[in-house]
Amino acid sequence: MVGRVARLYYEHGLTHAEIASMLDVSRIKVTRMLADARRRGIVEITVHSDERPFADLEEALVERFGLQSAWVSPSGGADDARAAASLALSGADALGAVLPRARRVAVGLSRSVAASIAQLRPLELPELEILPLAGSRAGRANGADPHELVTSLAHVTGGTPFHLPAPLIAAGPDAAAAVREDPDTRAVLEAAAAADVLVVGVGGNQRAAQALRRWITESEFEALRDLGAVGDVSARFFDADGNTVRGEVDERVVSLTLDELRAIDVRVAMAGGQEKRDALFTALACGLVNVVVTDVDSAVDLLERTAPDARSA
């Protein structure tokens with residue numbers, strides 16, 4: 001039925017009402033089936049235009065924070081799923097723009113990055129090396145771990161994936177130190193630090209990201225907030241000045257440091273929604289990232305804030 005409705009609408013030009021009458025269904029059902037046709041890939045729509053819907057906001061973000069580039073997507077109102085889908089499309093556009101110029105890319109823990117990779121059209125980049133900037137969680141796959149993202153990105157680009165045989169957060173500081181000293185782990189982290197493109201998500205401080213709850217308890221997360229944490233990049237928590245929040249959690253992380261992340265030339269952050277805005281503002285204002293993918297409401301909020309001068313990078 002979905003395929004029939006799609007052909008009647010897109011190929012034969014019938015209206016929703018005409019299709020509903022012809023097939024004896026409601027107009028609402030026709031609308032839902034057309035949306036389902038696009039979601040399932042039965043219908044693919046290509047817009048032949050380079051016009052960016054929110055070019056003015058993107059230019060303002062670049063100017064305000066000294067960025068290399070910015071992508072802004074619709075916010076979706078109260079529809080979180082639609083907002084996330086739009087952010088993923090913009091994230092895919094950003095990846096399509098930066099990856100062809102890259103030799104090596106480092107990828108961090110992020111559901112937004114995972115969704116963007118899923119929307120990325122195939123690229124022929126056989127010379128691209130793709131590395132995780134941090135370890136991954138054990139157990140059931142969630143699609144957002146660096147290990148999984150490296151594999152997914154390699155599949156869509158034809159690049160070479162590298163894996164990091166380590167947990168994201170070790171059981172204790174001593175265990176983390178031992179893992180970081182392992183030759184294989186050290187080699188991958190050193191290669192990731194030498195990347196020319198970084199792709200990450202940004203976590204807020206209102207609640208621990210789903211992917212981190214396996215290792216960080218609510219009491220530990222509350223302690224991080226008490227120490228001034230406003231957000232994190234792959235479990236590297238930072239304060240309002242962009243500095244690392246020191247403590248046992250940071251000592252347990254198997255990942256590049258914030259200073260190592262800042263040393264990468266092109267640093268792409270993907271984050272949307274109200275609970276990410278404080279963290280995203282800090283990441284932009286303190287030069288932790290220099291390319292941003294976010295939603296309209298967040299972009300407006302970021303531009304209206306007053307804070308220490310942004311540092312261009």
# chains A, B, ... in the order shown; residues from 1 in each chain; ligands from 1
call {"tool": "residues_around", "arguments": {"residues": "Ala166 of chain A", "least_positions_apart": "6", "cutoff": "9 Å", "atoms": "only C-alpha atoms", "output": "VMD selection string"}}
result
chain A and resid 134 to 137 176 179 to 180 185 254
call {"tool": "write_last_selection", "arguments": {"atoms": "C-alpha atoms", "output": "CSV table (one decimal), in the first residue's frame"}}
result
chain,number,residue,atom,x,y,z
A,134,ALA,CA,38.6,7.1,23.0
A,135,GLY,CA,37.8,3.5,24.1
A,136,SER,CA,34.4,1.9,23.9
A,137,ARG,CA,31.8,0.3,26.2
A,176,ALA,CA,43.3,3.3,33.2
A,179,VAL,CA,45.6,0.5,29.6
A,180,ARG,CA,47.0,3.8,28.3
A,185,THR,CA,46.5,1.5,22.9
A,254,VAL,CA,41.0,6.3,28.1
call {"tool": "select_by_dssp", "arguments": {"residues": "segment 98-271 of chain A", "states": "strand (DSSP E)", "output": "list of chain:residue names"}}
result
A:Arg104, A:Val105, A:Ala106, A:Val107, A:Glu129, A:Ile130, A:Leu131, A:Pro132, A:Thr160, A:Pro161, A:Val197, A:Leu198, A:Val199, A:Val200, A:Gly201, A:Gly231, A:Asp232, A:Val233, A:Arg236, A:Phe237, A:Phe238, A:Val266, A:Arg267, A:Val268, A:Ala269, A:Met270
call {"tool": "select_by_dssp", "arguments": {"residues": "segment 7-219 of chain A", "states": "helix (DSSP H, G or I)", "output": "PyMOL selection string"}}
result
chain A and resi 7-11+16-23+27-39+55-65+80-101+111-119+146-157+173-181+183-193+210-212+218-219
call {"tool": "write_last_selection", "arguments": {"atoms": "C-alpha atoms", "output": "compact mmCIF listing (two decimals), in the first residue's frame"}}
result
# COMPACT_ATOMS: atom_id res chain seq x y z
CA ARG A 7 3.58 6.16 -7.04
CA LEU A 8 0.15 7.78 -7.25
CA TYR A 9 1.41 10.90 -5.50
CA TYR A 10 4.93 11.35 -6.90
CA GLU A 11 4.58 9.82 -10.37
CA HIS A 16 -3.88 13.45 -0.95
CA ALA A 17 -7.66 13.71 -1.22
CA GLU A 18 -7.77 11.98 -4.61
CA ILE A 19 -5.60 9.10 -3.38
CA ALA A 20 -7.68 8.76 -0.21
CA SER A 21 -10.87 8.54 -2.25
CA MET A 22 -9.39 6.12 -4.79
CA LEU A 23 -8.04 3.72 -2.15
CA ARG A 27 -6.27 11.66 4.02
CA ILE A 28 -4.32 11.42 7.29
CA LYS A 29 -3.39 7.82 6.46
CA VAL A 30 -2.20 8.92 3.01
CA THR A 31 0.00 11.58 4.63
CA ARG A 32 1.45 9.03 7.04
CA MET A 33 2.16 6.52 4.28
CA LEU A 34 3.95 9.14 2.19
CA ALA A 35 6.13 10.00 5.20
CA ASP A 36 6.74 6.28 5.73
CA ALA A 37 7.76 5.91 2.09
CA ARG A 38 10.52 8.45 2.56
CA ARG A 39 11.62 7.01 5.88
CA ALA A 55 22.73 30.77 5.90
CA ASP A 56 22.36 34.01 7.87
CA LEU A 57 22.54 32.20 11.22
CA GLU A 58 25.48 30.11 10.03
CA GLU A 59 27.39 33.22 8.95
CA ALA A 60 26.62 34.87 12.30
CA LEU A 61 27.94 31.85 14.22
CA VAL A 62 31.12 31.82 12.14
CA GLU A 63 31.66 35.53 12.78
CA ARG A 64 30.81 35.46 16.48
CA PHE A 65 32.94 32.46 17.43
CA ASP A 80 12.50 15.65 19.41
CA ALA A 81 12.69 12.85 16.84
CA ARG A 82 12.17 15.25 13.94
CA ALA A 83 14.75 17.67 15.36
CA ALA A 84 17.28 14.84 15.73
CA ALA A 85 16.62 13.69 12.16
CA SER A 86 17.15 17.22 10.82
CA LEU A 87 20.35 17.61 12.83
CA ALA A 88 21.60 14.31 11.37
CA LEU A 89 20.98 15.56 7.82
CA SER A 90 22.96 18.74 8.53
CA GLY A 91 25.66 16.67 10.19
CA ALA A 92 25.91 14.52 7.07
CA ASP A 93 26.29 17.69 4.98
CA ALA A 94 29.11 18.81 7.26
CA LEU A 95 30.87 15.45 6.99
CA GLY A 96 30.48 15.52 3.23
CA ALA A 97 32.22 18.89 3.17
CA VAL A 98 35.16 18.21 5.52
CA LEU A 99 36.04 14.55 4.95
CA PRO A 100 37.15 14.78 1.29
CA ARG A 101 39.90 17.19 2.40
CA ARG A 111 24.63 9.57 19.07
CA SER A 112 24.41 12.70 16.90
CA VAL A 113 27.54 11.68 15.01
CA ALA A 114 26.17 8.14 14.61
CA ALA A 115 22.92 9.50 13.14
CA SER A 116 24.86 11.79 10.79
CA ILE A 117 27.04 8.96 9.50
CA ALA A 118 23.87 6.97 8.82
CA GLN A 119 22.65 9.83 6.57
CA PRO A 146 33.81 5.21 18.87
CA HIS A 147 34.52 1.60 17.82
CA GLU A 148 31.13 1.35 16.07
CA LEU A 149 31.36 4.82 14.55
CA VAL A 150 34.78 4.09 13.07
CA THR A 151 33.41 0.95 11.43
CA SER A 152 30.31 2.74 10.11
CA LEU A 153 32.27 5.66 8.71
CA ALA A 154 34.77 3.35 7.03
CA HIS A 155 31.92 1.48 5.39
CA VAL A 156 30.41 4.63 3.86
CA THR A 157 33.73 6.23 2.82
CA PRO A 173 42.91 5.27 37.82
CA ASP A 174 45.55 2.54 38.05
CA ALA A 175 43.71 0.35 35.57
CA ALA A 176 43.34 3.29 33.17
CA ALA A 177 47.04 4.10 33.42
CA ALA A 178 47.93 0.49 32.64
CA VAL A 179 45.62 0.47 29.61
CA ARG A 180 47.03 3.75 28.31
CA GLU A 181 50.56 2.33 28.57
CA PRO A 183 51.64 -0.37 23.21
CA ASP A 184 48.62 -1.02 20.98
CA THR A 185 46.45 1.48 22.86
CA ARG A 186 49.20 4.08 22.90
CA ALA A 187 49.80 3.70 19.16
CA VAL A 188 46.14 4.26 18.27
CA LEU A 189 45.78 7.26 20.58
CA GLU A 190 48.95 8.82 19.16
CA ALA A 191 47.63 8.31 15.64
CA ALA A 192 44.28 9.86 16.62
CA ALA A 193 46.08 12.87 18.09
CA GLN A 210 23.11 7.13 28.19
CA ALA A 211 26.44 5.81 26.95
CA LEU A 212 28.23 6.99 30.11
CA GLU A 218 24.64 9.71 39.55
CA SER A 219 26.62 10.70 42.64
call {"tool": "residues_around", "arguments": {"residues": "segment 289-293 of chain A", "least_positions_apart": "3", "cutoff": "8 Å", "atoms": "only C-alpha atoms", "output": "list in words"}}
result
Phe65, Gly66, Leu67, Gln68, Ser69, Ala70, Trp71, Val72, Ser73, Leu87, Ser90, Gly91, Ala94, Arg262, Val266, Arg267, Val268, Ala269, Met270, Ala271, Gly272, Ala283, Leu284, Ser312 and Ala313 of chain A
call {"tool": "closest_residue", "arguments": {"among": "A:Gly273, A:Gly231, A:Gly158, A:Gly287", "to": "Val300 of chain A", "atoms": "only C-alpha atoms"}}
result
A:Gly273
